[in-house]
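Have a look at final-v5.pdb below; it lists PDB, C-alpha atoms.
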MODEL        1
ATOM      1  CA  MET A  91      14.068 -23.210 -23.043
ATOM      2  CA  GLN A  92      12.159 -24.554 -20.038
ATOM      3  CA  MET A  93       9.485 -21.878 -20.480
ATOM      4  CA  LEU A  94       9.102 -22.867 -24.144
ATOM      5  CA  ASP A  95       8.836 -26.557 -23.191
ATOM      6  CA  GLN A  96       6.073 -25.794 -20.697
ATOM      7  CA  HIS A  97       4.101 -23.644 -23.149
ATOM      8  CA  VAL A  98       4.540 -26.141 -25.976
ATOM      9  CA  SER A  99       3.367 -28.988 -23.730
ATOM     10  CA  GLN A 100       0.301 -26.980 -22.662
ATOM     11  CA  TYR A 101      -0.520 -26.108 -26.255
ATOM     12  CA  ILE A 102      -0.173 -29.709 -27.412
ATOM     13  CA  ALA A 103      -2.264 -30.980 -24.504
ATOM     14  CA  ARG A 104      -5.029 -28.519 -25.405
ATOM     15  CA  ARG A 105      -4.938 -29.518 -29.085
ATOM     16  CA  LEU A 106      -4.974 -33.210 -28.233
ATOM     17  CA  ALA A 107      -7.910 -32.752 -25.862
ATOM     18  CA  GLU A 108      -9.844 -30.734 -28.450
ATOM     19  CA  ASN A 109      -9.365 -33.508 -30.980
ATOM     20  CA  ASN A 110      -9.869 -36.418 -28.563
ATOM     21  CA  ILE A 111      -6.361 -37.660 -29.257
ATOM     22  CA  ARG A 112      -4.559 -39.731 -26.643
ATOM     23  CA  THR A 113      -2.262 -37.611 -24.530
ATOM     24  CA  ASP A 114       0.373 -40.137 -23.442
ATOM     25  CA  ALA A 115       3.445 -40.331 -25.731
ATOM     26  CA  ALA A 116       2.010 -37.835 -28.206
ATOM     27  CA  LEU A 117       2.380 -35.051 -25.635
ATOM     28  CA  GLN A 118       6.154 -35.213 -25.802
ATOM     29  CA  LEU A 119       8.068 -33.408 -28.525
ATOM     30  CA  SER A 120      11.717 -34.220 -29.023
ATOM     31  CA  ALA A 121      14.275 -31.482 -28.477
ATOM     32  CA  ARG A 122      14.582 -31.034 -32.256
ATOM     33  CA  GLU A 123      10.785 -30.905 -32.650
ATOM     34  CA  ARG A 124      10.665 -28.138 -30.031
ATOM     35  CA  GLU A 125      13.237 -26.191 -32.067
ATOM     36  CA  VAL A 126      11.199 -26.729 -35.234
ATOM     37  CA  PHE A 127       8.000 -25.743 -33.396
ATOM     38  CA  GLY A 128       9.560 -22.381 -32.527
ATOM     39  CA  LEU A 129      10.559 -21.859 -36.150
ATOM     40  CA  ILE A 130       7.048 -22.749 -37.342
ATOM     41  CA  LEU A 131       5.721 -20.049 -35.001
ATOM     42  CA  ARG A 132       8.089 -17.591 -36.658
ATOM     43  CA  GLY A 133       6.546 -18.486 -40.039
ATOM     44  CA  LEU A 134       9.545 -20.234 -41.577
ATOM     45  CA  THR A 135       9.100 -22.626 -44.509
ATOM     46  CA  ASN A 136      10.534 -26.149 -44.504
ATOM     47  CA  LYS A 137      13.433 -24.896 -46.619
ATOM     48  CA  GLU A 138      14.116 -22.040 -44.190
ATOM     49  CA  ILE A 139      13.843 -24.369 -41.189
ATOM     50  CA  ALA A 140      16.322 -26.730 -42.833
ATOM     51  CA  ALA A 141      18.795 -23.907 -43.458
ATOM     52  CA  GLN A 142      18.393 -22.545 -39.923
ATOM     53  CA  LEU A 143      19.043 -25.954 -38.333
ATOM     54  CA  SER A 144      21.587 -27.239 -40.900
ATOM     55  CA  ILE A 145      19.425 -30.233 -41.813
ATOM     56  CA  SER A 146      17.962 -31.399 -45.105
ATOM     57  CA  GLU A 147      14.650 -30.040 -46.296
ATOM     58  CA  SER A 148      13.151 -33.543 -46.174
ATOM     59  CA  THR A 149      14.225 -33.886 -42.522
ATOM     60  CA  ALA A 150      12.611 -30.537 -41.730
ATOM     61  CA  LYS A 151       9.441 -31.700 -43.491
ATOM     62  CA  PHE A 152       9.503 -34.918 -41.438
ATOM     63  CA  HIS A 153       9.754 -32.952 -38.173
ATOM     64  CA  VAL A 154       6.956 -30.560 -39.182
ATOM     65  CA  SER A 155       4.769 -33.514 -40.117
ATOM     66  CA  SER A 156       5.446 -35.199 -36.781
ATOM     67  CA  ILE A 157       4.616 -31.998 -34.891
ATOM     68  CA  LEU A 158       1.360 -31.554 -36.803
ATOM     69  CA  LYS A 159       0.357 -35.124 -36.001
ATOM     70  CA  LYS A 160       1.214 -34.766 -32.311
ATOM     71  CA  CYS A 161      -0.705 -31.476 -32.137
ATOM     72  CA  GLY A 162      -3.702 -32.829 -34.000
ATOM     73  CA  ALA A 163      -3.321 -29.955 -36.465
ATOM     74  CA  ARG A 164      -4.077 -30.144 -40.171
ATOM     75  CA  SER A 165      -1.507 -27.544 -41.182
ATOM     76  CA  ARG A 166       1.224 -25.329 -39.781
ATOM     77  CA  LEU A 167      -1.233 -22.458 -40.159
ATOM     78  CA  ASP A 168      -3.477 -24.162 -37.606
ATOM     79  CA  ILE A 169      -0.604 -24.074 -35.128
ATOM     80  CA  VAL A 170       0.245 -20.441 -35.783
ATOM     81  CA  ARG A 171      -3.371 -19.238 -35.945
ATOM     82  CA  GLU A 172      -4.543 -21.124 -32.866
ATOM     83  CA  HIS A 173      -1.434 -20.484 -30.839
ATOM     84  CA  LYS A 174      -2.582 -18.147 -28.091
ATOM     85  CA  ILE A 175       0.468 -18.033 -25.871
ATOM     86  CA  ALA A 176       1.634 -14.579 -24.789
ATOM     87  CA  PRO A 177       4.585 -12.784 -26.399
ATOM     88  CA  ALA A 178       6.863 -14.424 -23.820
ATOM     89  CA  LEU A 179       6.839 -17.576 -25.928
ATOM     90  CA  GLN A 180       7.697 -15.629 -29.030
ATOM     91  CA  LEU A 181      10.722 -14.209 -27.238
ATOM     92  CA  VAL A 182      11.799 -17.641 -26.004
ATOM     93  CA  ALA A 183      11.201 -19.228 -29.430
ATOM     94  CA  SER A 184      13.223 -16.546 -31.213
TER
ENDMDL
END
Render the structure in this file as structure tokens.
Amino acid sequence: MQMLDQHVSQYIARRLAENNIRTDAALQLSAREREVFGLILRGLTNKEIAAQLSISESTAKFHVSSILKKCGARSRLDIVREHKIAPALQLVAS
């Protein structure tokens, strides 16, 4: 999980810098947001994320929305498409 945290933080920092977004509190994802981030990378929908984490679909949507805002991304596709971390992250996120 530590490897995922480091890669996620680096990714978010890069996205924030690219979009001139402040990097203080926005750089930190909650533990749940890190879980959701990994599921976004796997291509899961809000409904699938909710089922995987035993939360409501609206809660999953809230977390995805928060992650997008913190990353400065317009959509989950931006995160997946622009995510250039090696397969090691995919293994950790799985």
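Atom pair CA of Gln142 in chain A / CA of Arg104 in chain A has a distance of 28.2 Å (rounded to one decimal).
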Point-to-point distance in Å for CA of Ala121 in chain A and CA of Ala141 in chain A: 17.4 Å
Minimum-distance residue to Ala150 in chain A, chosen among A:Lys137, A:Arg132, A:Arg164, A:His97 (using all atoms listed in the file):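 Of A:Lys137, A:Arg132, A:Arg164, A:His97, the one nearest Ala150 in chain A is A:Lys137, counting all atoms listed in the file.
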Best match for closeness to Ser144 in chain A among A:Leu131, A:Val126, A:Val170, A:Cys161, counting only C-alpha atoms: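 Looking at the shortest contact to Ser144 in chain A, the residue is A:Val126.
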Nearest to Arg124 in chain A by atom-to-atom distance, counting only C-alpha atoms, from A:Ile145, A:Ile139, A:Val98, A:Leu158: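 Among A:Ile145, A:Ile139, A:Val98, A:Leu158, it is A:Val98 that comes nearest to Arg124 in chain A.
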Point-to-point distance in Å for CA of Ser156 in chain A and CA of Phe127 in chain A: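 Value for the CA of Phe127 in chain A-CA of Ser156 in chain A distance: 10.4 Å.
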Neighbour list for Ala140 in chain A as a CSV table (one decimal) with C-alpha atoms, in the coordinates of the input, cut-off 12 Å, only C-alpha atoms, skip fewer than 4 positions in-chain:
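Below you can see part08.csv, which holds the result:
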chain,number,residue,atom,x,y,z
A,122,ARG,CA,14.6,-31.0,-32.3
A,125,GLU,CA,13.2,-26.2,-32.1
A,126,VAL,CA,11.2,-26.7,-35.2
A,129,LEU,CA,10.6,-21.9,-36.2
A,130,ILE,CA,7.0,-22.7,-37.3
A,134,LEU,CA,9.5,-20.2,-41.6
A,135,THR,CA,9.1,-22.6,-44.5
A,136,ASN,CA,10.5,-26.1,-44.5
A,144,SER,CA,21.6,-27.2,-40.9
A,145,ILE,CA,19.4,-30.2,-41.8
A,146,SER,CA,18.0,-31.4,-45.1
A,147,GLU,CA,14.6,-30.0,-46.3
A,148,SER,CA,13.2,-33.5,-46.2
A,149,THR,CA,14.2,-33.9,-42.5
A,150,ALA,CA,12.6,-30.5,-41.7
A,151,LYS,CA,9.4,-31.7,-43.5
A,152,PHE,CA,9.5,-34.9,-41.4
A,153,HIS,CA,9.8,-33.0,-38.2
A,154,VAL,CA,7.0,-30.6,-39.2
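Of the residues under consideration (A:Gln96, A:Ser120, A:Leu143, A:Ser155), A:Ser155 shows the shortest atom-to-atom contact distance to Ile169 in chain A when counting all atoms listed in the file.
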